[in-house]
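Asks: My structure is in coords-v7.cif, and what it holds is mmCIF, C-alpha atoms and all ligand atoms:
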data_work
#
loop_
_atom_site.group_PDB
_atom_site.id
_atom_site.type_symbol
_atom_site.label_atom_id
_atom_site.label_comp_id
_atom_site.auth_asym_id
_atom_site.auth_seq_id
_atom_site.Cartn_x
_atom_site.Cartn_y
_atom_site.Cartn_z
ATOM 1 C CA MET H 1 2.570 2.278 -27.475
ATOM 2 C CA GLY H 2 1.590 2.053 -23.795
ATOM 3 C CA LYS H 3 -0.237 4.933 -22.205
ATOM 4 C CA ILE H 4 1.157 6.054 -18.886
ATOM 5 C CA ILE H 5 -1.033 5.568 -15.810
ATOM 6 C CA ASP H 6 -0.378 8.769 -13.891
ATOM 7 C CA GLY H 7 -0.317 7.697 -10.240
ATOM 8 C CA LYS H 8 0.815 11.123 -9.120
ATOM 9 C CA ALA H 9 -2.219 12.858 -10.637
ATOM 10 C CA LEU H 10 -4.667 10.221 -9.377
ATOM 11 C CA SER H 11 -3.117 10.369 -5.914
ATOM 12 C CA ALA H 12 -3.472 14.161 -5.905
ATOM 13 C CA ALA H 13 -7.166 13.831 -6.815
ATOM 14 C CA VAL H 14 -7.771 11.304 -3.998
ATOM 15 C CA LYS H 15 -5.908 13.478 -1.486
ATOM 16 C CA ASP H 16 -8.082 16.445 -2.524
ATOM 17 C CA GLU H 17 -11.193 14.313 -1.890
ATOM 18 C CA VAL H 18 -9.836 13.393 1.540
ATOM 19 C CA ARG H 19 -9.015 17.042 2.249
ATOM 20 C CA ALA H 20 -12.648 17.993 1.581
ATOM 21 C CA GLN H 21 -13.840 15.103 3.782
ATOM 22 C CA VAL H 22 -11.560 16.147 6.650
ATOM 23 C CA GLY H 23 -13.213 19.580 6.680
ATOM 24 C CA GLU H 24 -16.682 18.015 6.725
ATOM 25 C CA LEU H 25 -15.759 15.521 9.440
ATOM 26 C CA GLU H 26 -14.295 18.201 11.663
ATOM 27 C CA ALA H 27 -17.489 20.262 11.303
ATOM 28 C CA LYS H 28 -19.618 17.219 12.103
ATOM 29 C CA TYR H 29 -17.622 15.542 14.888
ATOM 30 C CA GLY H 30 -15.671 18.436 16.386
ATOM 31 C CA ARG H 31 -12.278 16.932 15.731
ATOM 32 C CA LYS H 32 -10.064 15.872 12.847
ATOM 33 C CA PRO H 33 -8.919 12.334 12.044
ATOM 34 C CA CYS H 34 -5.416 11.671 13.414
ATOM 35 C CA LEU H 35 -2.791 9.352 11.962
ATOM 36 C CA CYS H 36 0.187 8.234 14.042
ATOM 37 C CA VAL H 37 3.264 6.905 12.235
ATOM 38 C CA ILE H 38 6.069 5.092 14.055
ATOM 39 C CA ILE H 39 9.511 4.492 12.605
ATOM 40 C CA VAL H 40 12.193 2.473 14.373
ATOM 41 C CA GLY H 41 15.791 3.022 13.293
ATOM 42 C CA GLU H 42 17.235 4.886 10.338
ATOM 43 C CA ASN H 43 16.530 2.876 7.189
ATOM 44 C CA PRO H 44 16.853 5.653 4.557
ATOM 45 C CA ALA H 45 14.062 4.314 2.293
ATOM 46 C CA SER H 46 11.704 3.986 5.275
ATOM 47 C CA GLN H 47 12.565 7.528 6.359
ATOM 48 C CA VAL H 48 11.507 8.829 2.926
ATOM 49 C CA TYR H 49 8.241 6.825 2.953
ATOM 50 C CA VAL H 50 7.384 7.982 6.475
ATOM 51 C CA ARG H 51 8.124 11.618 5.670
ATOM 52 C CA ASN H 52 5.848 11.384 2.620
ATOM 53 C CA LYS H 53 3.050 9.856 4.715
ATOM 54 C CA VAL H 54 3.206 12.649 7.291
ATOM 55 C CA LYS H 55 3.430 15.269 4.530
ATOM 56 C CA ALA H 56 0.322 13.845 2.840
ATOM 57 C CA ALA H 57 -1.570 13.871 6.147
ATOM 58 C CA ALA H 58 -0.658 17.541 6.616
ATOM 59 C CA TYR H 59 -1.867 18.302 3.086
ATOM 60 C CA THR H 60 -5.278 16.753 3.754
ATOM 61 C CA GLY H 61 -5.593 18.804 6.942
ATOM 62 C CA MET H 62 -5.824 15.781 9.229
ATOM 63 C CA ASP H 63 -3.726 15.638 12.383
ATOM 64 C CA SER H 64 -0.640 13.460 12.424
ATOM 65 C CA LYS H 65 2.061 12.382 14.815
ATOM 66 C CA LEU H 66 5.459 11.038 13.892
ATOM 67 C CA ILE H 67 7.186 8.930 16.522
ATOM 68 C CA GLU H 68 10.838 8.307 15.715
ATOM 69 C CA LEU H 69 12.439 5.627 17.866
ATOM 70 C CA PRO H 70 16.126 4.641 17.914
ATOM 71 C CA ALA H 71 17.254 1.401 16.229
ATOM 72 C CA ASP H 72 18.015 -0.186 19.614
ATOM 73 C CA THR H 73 14.447 0.282 20.902
ATOM 74 C CA THR H 74 13.371 -2.925 22.631
ATOM 75 C CA GLU H 75 10.379 -4.911 21.436
ATOM 76 C CA GLU H 76 8.830 -4.343 24.844
ATOM 77 C CA ALA H 77 9.186 -0.547 24.574
ATOM 78 C CA LEU H 78 7.646 -0.547 21.090
ATOM 79 C CA LEU H 79 4.743 -2.726 22.240
ATOM 80 C CA SER H 80 4.043 -0.434 25.177
ATOM 81 C CA GLN H 81 4.130 2.607 22.853
ATOM 82 C CA ILE H 82 1.545 0.870 20.626
ATOM 83 C CA ALA H 83 -0.601 -0.017 23.658
ATOM 84 C CA ALA H 84 -0.635 3.653 24.681
ATOM 85 C CA LEU H 85 -1.713 4.733 21.177
ATOM 86 C CA ASN H 86 -4.434 2.047 21.124
ATOM 87 C CA GLU H 87 -5.832 3.623 24.280
ATOM 88 C CA ASP H 88 -5.426 7.241 23.154
ATOM 89 C CA PRO H 89 -8.872 8.489 22.070
ATOM 90 C CA SER H 90 -7.353 11.274 19.934
ATOM 91 C CA VAL H 91 -5.566 8.754 17.652
ATOM 92 C CA ASP H 92 -7.505 7.029 14.827
ATOM 93 C CA GLY H 93 -4.771 5.298 12.872
ATOM 94 C CA VAL H 94 -1.510 3.636 13.961
ATOM 95 C CA LEU H 95 1.107 2.641 11.410
ATOM 96 C CA VAL H 96 4.465 1.039 12.210
ATOM 97 C CA GLN H 97 6.763 1.337 9.210
ATOM 98 C CA LEU H 98 8.245 -1.974 8.090
ATOM 99 C CA PRO H 99 10.791 -3.504 8.001
ATOM 100 C CA LEU H 100 11.673 -3.392 11.695
ATOM 101 C CA PRO H 101 15.150 -4.020 13.145
ATOM 102 C CA LYS H 102 15.944 -7.750 13.337
ATOM 103 C CA HIS H 103 15.579 -8.017 17.134
ATOM 104 C CA ILE H 104 11.892 -7.037 16.951
ATOM 105 C CA ASP H 105 9.240 -9.615 16.016
ATOM 106 C CA GLU H 106 7.163 -7.957 13.260
ATOM 107 C CA GLU H 107 4.266 -10.331 13.696
ATOM 108 C CA LYS H 108 3.949 -9.454 17.387
ATOM 109 C CA VAL H 109 3.990 -5.758 16.542
ATOM 110 C CA ILE H 110 1.344 -6.067 13.815
ATOM 111 C CA ASP H 111 -0.868 -8.116 16.157
ATOM 112 C CA ALA H 112 -0.488 -5.489 18.891
ATOM 113 C CA ILE H 113 -2.043 -2.634 16.887
ATOM 114 C CA SER H 114 -5.760 -2.584 17.597
ATOM 115 C CA ARG H 115 -7.735 -3.786 14.604
ATOM 116 C CA GLU H 116 -9.807 -0.589 14.628
ATOM 117 C CA LYS H 117 -6.677 1.591 14.248
ATOM 118 C CA ASP H 118 -4.826 -0.678 11.790
ATOM 119 C CA VAL H 119 -4.624 1.736 8.824
ATOM 120 C CA ASP H 120 -2.249 -0.664 7.024
ATOM 121 C CA GLY H 121 -4.791 -3.501 7.048
ATOM 122 C CA PHE H 122 -2.096 -5.917 8.252
ATOM 123 C CA HIS H 123 -3.782 -7.092 11.484
ATOM 124 C CA PRO H 124 -5.017 -10.724 11.349
ATOM 125 C CA GLY H 125 -8.579 -9.468 11.926
ATOM 126 C CA ASN H 126 -8.387 -7.299 8.812
ATOM 127 C CA VAL H 127 -6.587 -9.985 6.767
ATOM 128 C CA SER H 128 -9.286 -12.530 7.607
ATOM 129 C CA GLY H 129 -11.935 -9.908 6.814
ATOM 130 C CA LEU H 130 -10.400 -9.422 3.371
ATOM 131 C CA TRP H 131 -10.292 -13.156 2.613
ATOM 132 C CA LEU H 132 -13.779 -13.829 3.994
ATOM 133 C CA GLY H 133 -15.314 -10.848 2.198
ATOM 134 C CA LYS H 134 -16.245 -8.952 5.371
ATOM 135 C CA ASP H 135 -15.895 -5.270 6.227
ATOM 136 C CA CYS H 136 -12.202 -4.593 6.822
ATOM 137 C CA ILE H 137 -9.338 -2.196 6.213
ATOM 138 C CA VAL H 138 -7.794 -3.075 2.841
ATOM 139 C CA PRO H 139 -3.979 -2.749 2.608
ATOM 140 C CA CYS H 140 -2.954 0.512 0.940
ATOM 141 C CA THR H 141 -0.791 -0.639 -1.967
ATOM 142 C CA PRO H 142 -3.255 -3.299 -3.215
ATOM 143 C CA ALA H 143 -6.167 -0.825 -2.898
ATOM 144 C CA GLY H 144 -4.143 1.754 -4.849
ATOM 145 C CA ILE H 145 -3.370 -0.787 -7.586
ATOM 146 C CA ILE H 146 -7.084 -1.444 -8.143
ATOM 147 C CA ARG H 147 -7.733 2.322 -8.352
ATOM 148 C CA LEU H 148 -4.927 2.660 -10.908
ATOM 149 C CA ILE H 149 -6.348 -0.133 -13.064
ATOM 150 C CA ASP H 150 -9.857 1.341 -12.812
ATOM 151 C CA SER H 151 -8.506 4.723 -13.911
ATOM 152 C CA THR H 152 -7.593 3.233 -17.308
ATOM 153 C CA GLY H 153 -11.241 2.437 -18.031
ATOM 154 C CA GLU H 154 -10.286 -1.203 -18.738
ATOM 155 C CA SER H 155 -12.557 -3.699 -17.009
ATOM 156 C CA ILE H 156 -11.079 -6.319 -14.685
ATOM 157 C CA SER H 157 -13.944 -8.815 -14.842
ATOM 158 C CA GLY H 158 -13.188 -11.914 -16.904
ATOM 159 C CA LYS H 159 -9.564 -10.918 -17.530
ATOM 160 C CA THR H 160 -6.535 -13.018 -16.707
ATOM 161 C CA ALA H 161 -4.521 -11.257 -14.001
ATOM 162 C CA VAL H 162 -1.030 -12.437 -13.133
ATOM 163 C CA VAL H 163 0.494 -11.234 -9.867
ATOM 164 C CA VAL H 164 4.241 -11.759 -9.563
ATOM 165 C CA GLY H 165 5.149 -11.850 -5.860
ATOM 166 C CA ARG H 166 3.386 -13.387 -2.866
ATOM 167 C CA SER H 167 4.054 -11.001 0.030
ATOM 168 C CA ASN H 168 1.487 -10.330 2.736
ATOM 169 C CA ILE H 169 1.713 -6.592 1.983
ATOM 170 C CA VAL H 170 1.102 -6.684 -1.771
ATOM 171 C CA GLY H 171 1.026 -9.997 -3.684
ATOM 172 C CA LYS H 172 -1.515 -11.968 -1.675
ATOM 173 C CA PRO H 173 -3.973 -9.134 -0.938
ATOM 174 C CA VAL H 174 -3.937 -7.711 -4.486
ATOM 175 C CA ALA H 175 -4.633 -11.222 -5.824
ATOM 176 C CA LYS H 176 -7.725 -11.374 -3.589
ATOM 177 C CA LEU H 177 -8.908 -7.914 -4.680
ATOM 178 C CA LEU H 178 -8.535 -8.923 -8.338
ATOM 179 C CA LEU H 179 -10.439 -12.142 -7.618
ATOM 180 C CA ASP H 180 -13.196 -10.085 -5.971
ATOM 181 C CA ARG H 181 -13.445 -8.150 -9.240
ATOM 182 C CA ASN H 182 -13.905 -11.430 -11.152
ATOM 183 C CA ALA H 183 -10.451 -11.699 -12.691
ATOM 184 C CA THR H 184 -8.932 -15.142 -13.232
ATOM 185 C CA VAL H 185 -5.902 -14.831 -10.988
ATOM 186 C CA VAL H 186 -2.514 -16.514 -11.152
ATOM 187 C CA ILE H 187 0.145 -15.887 -8.494
ATOM 188 C CA ALA H 188 3.697 -16.368 -9.729
ATOM 189 C CA HIS H 189 6.798 -16.186 -7.513
ATOM 190 C CA SER H 190 10.514 -16.911 -7.245
ATOM 191 C CA ARG H 191 10.010 -20.679 -7.773
ATOM 192 C CA THR H 192 7.746 -20.308 -10.814
ATOM 193 C CA ALA H 193 9.384 -22.531 -13.432
ATOM 194 C CA ASP H 194 8.947 -20.425 -16.579
ATOM 195 C CA LEU H 195 8.015 -16.930 -15.447
ATOM 196 C CA GLY H 196 7.766 -15.513 -18.967
ATOM 197 C CA ALA H 197 5.327 -18.226 -20.049
ATOM 198 C CA VAL H 198 3.077 -17.270 -17.107
ATOM 199 C CA THR H 199 3.359 -13.480 -17.396
ATOM 200 C CA ARG H 200 2.563 -13.697 -21.139
ATOM 201 C CA LEU H 201 -0.916 -14.980 -20.155
ATOM 202 C CA ALA H 202 -1.685 -11.730 -18.344
ATOM 203 C CA ASP H 203 -4.206 -9.162 -19.522
ATOM 204 C CA ILE H 204 -3.352 -7.461 -16.231
ATOM 205 C CA LEU H 205 0.188 -7.907 -14.922
ATOM 206 C CA VAL H 206 1.099 -6.794 -11.392
ATOM 207 C CA VAL H 207 4.764 -7.114 -10.472
ATOM 208 C CA ALA H 208 5.724 -6.856 -6.800
ATOM 209 C CA VAL H 209 8.995 -8.670 -6.241
ATOM 210 C CA GLY H 210 11.710 -6.098 -5.551
ATOM 211 C CA LYS H 211 14.058 -7.066 -8.378
ATOM 212 C CA ALA H 212 15.009 -4.330 -10.821
ATOM 213 C CA GLY H 213 14.207 -5.123 -14.447
ATOM 214 C CA LEU H 214 12.745 -8.591 -13.704
ATOM 215 C CA VAL H 215 10.027 -8.270 -16.341
ATOM 216 C CA THR H 216 11.124 -7.447 -19.878
ATOM 217 C CA GLY H 217 9.059 -6.664 -22.973
ATOM 218 C CA ASP H 218 9.212 -10.247 -24.305
ATOM 219 C CA MET H 219 7.397 -11.381 -21.125
ATOM 220 C CA VAL H 220 4.402 -9.076 -21.667
ATOM 221 C CA LYS H 221 1.275 -9.922 -23.678
ATOM 222 C CA PRO H 222 0.595 -7.233 -26.299
ATOM 223 C CA GLY H 223 -2.061 -4.850 -24.973
ATOM 224 C CA ALA H 224 -1.639 -5.840 -21.308
ATOM 225 C CA VAL H 225 -2.111 -3.399 -18.420
ATOM 226 C CA VAL H 226 1.189 -3.433 -16.502
ATOM 227 C CA ILE H 227 1.433 -2.342 -12.863
ATOM 228 C CA ASP H 228 4.946 -2.015 -11.440
ATOM 229 C CA VAL H 229 5.122 -2.101 -7.632
ATOM 230 C CA GLY H 230 8.941 -2.300 -7.487
ATOM 231 C CA MET H 231 11.000 0.402 -5.770
ATOM 232 C CA ASN H 232 14.636 -0.403 -6.413
ATOM 233 C CA ARG H 233 17.800 1.645 -6.719
ATOM 234 C CA ASN H 234 19.960 0.912 -9.753
ATOM 235 C CA ALA H 235 23.768 1.156 -9.850
ATOM 236 C CA GLU H 236 23.558 4.944 -10.309
ATOM 237 C CA GLY H 237 21.230 5.251 -7.310
ATOM 238 C CA LYS H 238 18.225 6.033 -9.534
ATOM 239 C CA LEU H 239 14.803 4.757 -8.451
ATOM 240 C CA CYS H 240 13.538 2.003 -10.760
ATOM 241 C CA GLY H 241 10.817 -0.617 -10.749
ATOM 242 C CA ASP H 242 10.654 -4.391 -11.279
ATOM 243 C CA VAL H 243 9.522 -3.809 -14.854
ATOM 244 C CA ASP H 244 11.956 -2.805 -17.571
ATOM 245 C CA PHE H 245 9.977 0.239 -18.707
ATOM 246 C CA ALA H 246 11.841 0.803 -21.988
ATOM 247 C CA SER H 247 11.068 -2.665 -23.393
ATOM 248 C CA CYS H 248 7.605 -3.136 -21.803
ATOM 249 C CA GLU H 249 6.061 0.241 -22.587
ATOM 250 C CA PRO H 250 5.801 -0.367 -26.362
ATOM 251 C CA VAL H 251 4.044 -3.731 -25.764
ATOM 252 C CA ALA H 252 1.605 -2.688 -23.020
ATOM 253 C CA SER H 253 -1.670 -0.808 -23.497
ATOM 254 C CA TRP H 254 -1.194 0.928 -20.142
ATOM 255 C CA ILE H 255 1.777 0.990 -17.788
ATOM 256 C CA THR H 256 2.696 2.617 -14.469
ATOM 257 C CA PRO H 257 5.985 4.526 -14.255
ATOM 258 C CA VAL H 258 8.430 4.331 -11.333
ATOM 259 C CA PRO H 259 8.467 6.778 -9.690
ATOM 260 C CA GLY H 260 5.018 8.313 -10.095
ATOM 261 C CA GLY H 261 2.861 5.193 -10.321
ATOM 262 C CA VAL H 262 1.985 2.911 -7.424
ATOM 263 C CA GLY H 263 4.021 4.759 -4.743
ATOM 264 C CA PRO H 264 1.913 7.929 -4.575
ATOM 265 C CA MET H 265 -1.301 5.872 -4.657
ATOM 266 C CA THR H 266 -0.235 3.865 -1.593
ATOM 267 C CA ILE H 267 -0.057 7.105 0.350
ATOM 268 C CA ALA H 268 -3.403 8.372 -0.966
ATOM 269 C CA MET H 269 -5.054 5.092 0.106
ATOM 270 C CA LEU H 270 -3.475 5.466 3.555
ATOM 271 C CA MET H 271 -5.276 8.796 3.878
ATOM 272 C CA GLN H 272 -8.557 7.103 2.896
ATOM 273 C CA ASN H 273 -7.957 4.285 5.378
ATOM 274 C CA THR H 274 -7.401 6.832 8.143
ATOM 275 C CA ILE H 275 -10.805 8.365 7.345
ATOM 276 C CA HIS H 276 -12.317 4.846 7.382
ATOM 277 C CA CYS H 277 -10.828 4.166 10.844
ATOM 278 C CA PHE H 278 -11.984 7.574 12.125
ATOM 279 C CA LEU H 279 -15.542 6.939 10.919
ATOM 280 C CA SER H 280 -15.683 3.380 12.355
ATOM 281 C CA ARG H 281 -14.613 4.771 15.740
ATOM 282 C CA MET H 282 -16.972 7.764 15.685
ATOM 283 C CA GLN H 283 -19.932 5.741 14.485
ATOM 284 C CA GLY H 284 -19.094 2.812 16.777
HETATM 285 N N1 LIG H 301 6.902 -1.046 4.231
HETATM 286 C C1 LIG H 301 6.720 -1.162 2.885
HETATM 287 N N2 LIG H 301 5.420 -0.956 2.567
HETATM 288 C C2 LIG H 301 4.786 -0.692 3.724
HETATM 289 C C3 LIG H 301 3.423 -0.386 4.032
HETATM 290 O O1 LIG H 301 2.529 -0.324 3.184
HETATM 291 N N3 LIG H 301 3.160 -0.160 5.363
HETATM 292 C C4 LIG H 301 4.115 -0.251 6.321
HETATM 293 N N4 LIG H 301 3.748 -0.039 7.585
HETATM 294 N N5 LIG H 301 5.374 -0.537 6.070
HETATM 295 C C5 LIG H 301 5.694 -0.754 4.772
#
Let me see the structure of the file written as structure tokens.
Replies:
Amino acid sequence: MGKIIDGKALSAAVKDEVRAQVGELEAKYGRKPCLCVIIVGENPASQVYVRNKVKAAAYTGMDSKLIELPADTTEEALLSQIAALNEDPSVDGVLVQLPLPKHIDEEKVIDAISREKDVDGFHPGNVSGLWLGKDCIVPCTPAGIIRLIDSTGESISGKTAVVVGRSNIVGKPVAKLLLDRNATVVIAHSRTADLGAVTRLADILVVAVGKAGLVTGDMVKPGAVVIDVGMNRNAEGKLCGDVDFASCEPVASWITPVPGGVGPMTIAMLMQNTIHCFLSRMQG
């Protein structure tokens, strides 16, 4: 019987820590950290994520700005908005919600955010920092996944970790974080020949593909820690993960639910990253 990893409770605890820090930082530096979130267009899922990010910032007491731009915003207009925020001394973190409308080059936009204000950890300077083991902003979802695994009390060192998915946002960075914690890491993906044979090796299984019910109980090693990063809508419009919870939960030792697992932790880590950016700027 798998025990549930309660991402909502852990996220609440982290946000409370951040809330206390915000008070201390304001007393020390005379201003609060400030997160600026930009959304372009009206993707309903993105609108929910962005609203939750701004709500979390308000809860911690930090300042936040939400910039909502129409779907037909030009790349040039978005880049000049980012340039203005890079220069604005009252802003510590800049986040552009992805995906962007097709006519905007995401890579250009990510590169345009100053490395110091890149709370997502997507800027090439932060990505290279992660892979070279230097000080950097770590992407929120991967950082949250490590916190979730640590919360189980299970050690990562020496374990076999299988990551399903190779995105820049989750798969690749979480694989590096697991490697840093001395896991033996395998990255599986859509061309992996026998996915079940690979996932059954995993003591720690992280699934970040975006395909509802991809991983079923027969693909999970008994006693594995299972982390489900998927956020899909099923036919009834209900939120569900990449892991078939009903069949995997009895096999796993620990498992994250969807919703209430990885999602809330991503937001809590964003709050921590904003503090990190604030401190780097204040301390130079
Ligand atoms: N879209 C899906 N996940 C993320 C994320 O972590 N950050 C941003 N900016 N966009 C996303």
Asks: Would you mind telling me which residue in H:Val138, H:Ile82, H:Leu132, H:Val14 lies nearest to Asp111 in chain H when using only C-alpha atoms?
Replies: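 Going through H:Val138, H:Ile82, H:Leu132, H:Val14 one by one, the smallest distance to Asp111 in chain H is for H:Ile82.
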Asks: Taking all atoms listed in the file into account, name the residue in H:Asn86, H:Asn232, H:Gln97, H:Ser280 that is nearest to ligand LIG 301 (chain H).
Replies: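 Of H:Asn86, H:Asn232, H:Gln97, H:Ser280, the one nearest ligand LIG 301 (chain H) is H:Gln97, counting all atoms listed in the file.
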Asks: Smallest atom-to-atom distance to Arg191 in chain H: which of H:Val164, H:Val207, H:Pro259, H:Val109, using all atoms listed in the file?
Replies: H:Val164
Asks: List as a short mmCIF file (atom, residue, chain, number, x, y, z; two decimals) with C-alpha atoms, in the coordinates of the input the protein and nucleic acid residues near Val40 in chain H, meaning an atom at most 9 Å away when only C-alpha atoms are counted, but skip any in the same chain fewer than 4 places from it.
Replies:
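Dumped everything to out.cif:
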data_model
loop_
_atom_site.label_atom_id
_atom_site.label_comp_id
_atom_site.auth_asym_id
_atom_site.auth_seq_id
_atom_site.Cartn_x
_atom_site.Cartn_y
_atom_site.Cartn_z
CA ILE H 67 7.19 8.93 16.52
CA GLU H 68 10.84 8.31 15.72
CA LEU H 69 12.44 5.63 17.87
CA PRO H 70 16.13 4.64 17.91
CA ALA H 71 17.25 1.40 16.23
CA ASP H 72 18.02 -0.19 19.61
CA THR H 73 14.45 0.28 20.90
CA LEU H 78 7.65 -0.55 21.09
CA VAL H 96 4.46 1.04 12.21
CA GLN H 97 6.76 1.34 9.21
CA LEU H 98 8.24 -1.97 8.09
CA PRO H 99 10.79 -3.50 8.00
CA LEU H 100 11.67 -3.39 11.70
CA PRO H 101 15.15 -4.02 13.14
#
Asks: Check which residues satisfy the PyMOL selection byres (((chain H and resi 174-180) around 8) and not hetatm) in the file shown, then give them as a PyMOL selection string.
Replies: chain H and resi 130-131+142-143+145-146+156+161+163+170-173+181-187
Asks: Quick one: which chain H residues come within 10 Å of ligand LIG 301 (chain H), and what is the nearest atom pair for each with the distance in Å to one decimal, counting all atoms listed in the file, rows ordered by chain and ascending number, as JSON lines?
Replies:
{"residue": "H:Val37", "atom": "CA", "partner": "H:LIG301", "partner_atom": "N4", "distance": 8.4}
{"residue": "H:Ile38", "atom": "CA", "partner": "H:LIG301", "partner_atom": "N4", "distance": 8.6}
{"residue": "H:Ile39", "atom": "CA", "partner": "H:LIG301", "partner_atom": "N4", "distance": 8.9}
{"residue": "H:Ala45", "atom": "CA", "partner": "H:LIG301", "partner_atom": "N1", "distance": 9.2}
{"residue": "H:Ser46", "atom": "CA", "partner": "H:LIG301", "partner_atom": "N1", "distance": 7.0}
{"residue": "H:Tyr49", "atom": "CA", "partner": "H:LIG301", "partner_atom": "N1", "distance": 8.1}
{"residue": "H:Val50", "atom": "CA", "partner": "H:LIG301", "partner_atom": "N5", "distance": 8.8}
{"residue": "H:Val94", "atom": "CA", "partner": "H:LIG301", "partner_atom": "N4", "distance": 9.0}
{"residue": "H:Leu95", "atom": "CA", "partner": "H:LIG301", "partner_atom": "N4", "distance": 5.4}
{"residue": "H:Val96", "atom": "CA", "partner": "H:LIG301", "partner_atom": "N4", "distance": 4.8}
{"residue": "H:Gln97", "atom": "CA", "partner": "H:LIG301", "partner_atom": "N4", "distance": 3.7}
{"residue": "H:Leu98", "atom": "CA", "partner": "H:LIG301", "partner_atom": "N5", "distance": 3.8}
{"residue": "H:Pro99", "atom": "CA", "partner": "H:LIG301", "partner_atom": "N1", "distance": 5.9}
{"residue": "H:Leu100", "atom": "CA", "partner": "H:LIG301", "partner_atom": "N5", "distance": 8.9}
{"residue": "H:Ile110", "atom": "CA", "partner": "H:LIG301", "partner_atom": "N4", "distance": 9.0}
{"residue": "H:Asp118", "atom": "CA", "partner": "H:LIG301", "partner_atom": "N4", "distance": 9.6}
{"residue": "H:Val119", "atom": "CA", "partner": "H:LIG301", "partner_atom": "N4", "distance": 8.6}
{"residue": "H:Asp120", "atom": "CA", "partner": "H:LIG301", "partner_atom": "N3", "distance": 5.7}
{"residue": "H:Gly121", "atom": "CA", "partner": "H:LIG301", "partner_atom": "N3", "distance": 8.8}
{"residue": "H:Phe122", "atom": "CA", "partner": "H:LIG301", "partner_atom": "N3", "distance": 8.3}
{"residue": "H:Pro139", "atom": "CA", "partner": "H:LIG301", "partner_atom": "O1", "distance": 7.0}
{"residue": "H:Cys140", "atom": "CA", "partner": "H:LIG301", "partner_atom": "O1", "distance": 6.0}
{"residue": "H:Thr141", "atom": "CA", "partner": "H:LIG301", "partner_atom": "O1", "distance": 6.1}
{"residue": "H:Pro142", "atom": "CA", "partner": "H:LIG301", "partner_atom": "O1", "distance": 9.1}
{"residue": "H:Ile169", "atom": "CA", "partner": "H:LIG301", "partner_atom": "O1", "distance": 6.4}
{"residue": "H:Val170", "atom": "CA", "partner": "H:LIG301", "partner_atom": "O1", "distance": 8.2}
{"residue": "H:Met231", "atom": "CA", "partner": "H:LIG301", "partner_atom": "C1", "distance": 9.8}
{"residue": "H:Gly263", "atom": "CA", "partner": "H:LIG301", "partner_atom": "N2", "distance": 9.4}
{"residue": "H:Thr266", "atom": "CA", "partner": "H:LIG301", "partner_atom": "O1", "distance": 6.9}
{"residue": "H:Ile267", "atom": "CA", "partner": "H:LIG301", "partner_atom": "O1", "distance": 8.4}
{"residue": "H:Met269", "atom": "CA", "partner": "H:LIG301", "partner_atom": "O1", "distance": 9.8}
{"residue": "H:Leu270", "atom": "CA", "partner": "H:LIG301", "partner_atom": "O1", "distance": 8.3}
Asks: For the file shown, report as a PyMOL selection string the outcome of the PyMOL selection byres (((chain H and resi 147-150) around 9) and not hetatm) at residue level.
Replies: chain H and resi 5-7+10+142-146+151-156+204+225-227+254+256+261-262+265
Asks: So how many Å separate CA of Gly41 in chain H and CA of Gly93 in chain H, to one decimal?
Replies: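 Here the two named atoms are 20.7 Å from each other.
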Asks: If I take CA of Gly223 in chain H and CA of Ala202 in chain H, how far is one from the other in Å, to one decimal?
Replies: 9.6 Å
Asks: Please, what distance in Å, to one decimal, runs between CA of Asp105 in chain H and CA of Ser80 in chain H?
Replies: 14.0 Å
Asks: Name the residues captured by the PyMOL selection byres (((chain H and resi 201) around 9) and not hetatm) when it is applied to the shown file; answer as an mmCIF file with C-alpha atoms, in the coordinates of the input.
Replies:
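Writing the result to out20.cif gives the following:
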data_model
loop_
_atom_site.group_PDB
_atom_site.id
_atom_site.type_symbol
_atom_site.label_atom_id
_atom_site.label_comp_id
_atom_site.auth_asym_id
_atom_site.auth_seq_id
_atom_site.Cartn_x
_atom_site.Cartn_y
_atom_site.Cartn_z
ATOM 1 C CA THR H 160 -6.535 -13.018 -16.707
ATOM 2 C CA ALA H 161 -4.521 -11.257 -14.001
ATOM 3 C CA VAL H 162 -1.030 -12.437 -13.133
ATOM 4 C CA GLY H 196 7.766 -15.513 -18.967
ATOM 5 C CA ALA H 197 5.327 -18.226 -20.049
ATOM 6 C CA VAL H 198 3.077 -17.270 -17.107
ATOM 7 C CA THR H 199 3.359 -13.480 -17.396
ATOM 8 C CA ARG H 200 2.563 -13.697 -21.139
ATOM 9 C CA ALA H 202 -1.685 -11.730 -18.344
ATOM 10 C CA ASP H 203 -4.206 -9.162 -19.522
ATOM 11 C CA ILE H 204 -3.352 -7.461 -16.231
ATOM 12 C CA LEU H 205 0.188 -7.907 -14.922
ATOM 13 C CA VAL H 220 4.402 -9.076 -21.667
ATOM 14 C CA LYS H 221 1.275 -9.922 -23.678
#
Asks: Rank nothing, just name the residue among H:Cys240, H:Ala188, H:Cys248, H:Ala268 nearest to Val54 in chain H, using all atoms listed in the file.
Replies: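 Looking at the shortest contact to Val54 in chain H, the residue is H:Ala268.
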Asks: Could you check the closest approach to Ile137 in chain H for each of H:Cys277, H:Asn43, H:Ile113, H:Lys102 and tell me which residue wins, using all atoms listed in the file?
Replies: H:Cys277
Asks: Each side padded by 8 Å, which centre and which edge lengths in Å (one decimal) define the axis-aligned box around the listed atoms of range 111-127 of chain H? Give them as AutoDock Vina command-line options.
Replies:
--center_x -5.1 --center_y -4.5 --center_z 12.8 --size_x 25.3 --size_y 28.5 --size_z 28.1
Asks: So, counting only C-alpha atoms, which residue among H:Glu116, H:Leu195, H:Glu17, H:Glu106 is closest to Gly284 in chain H?
Replies: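 Looking only at the distances to Gly284 in chain H, the closest residue turns out to be H:Glu116.
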Asks: As a PyMOL selection string, please: the residues near Phe278 in chain H (cut-off 9 Å, all atoms listed in the file, same-chain neighbours under 6 positions excluded).
Replies: chain H and resi 32-34+91-93+116-117
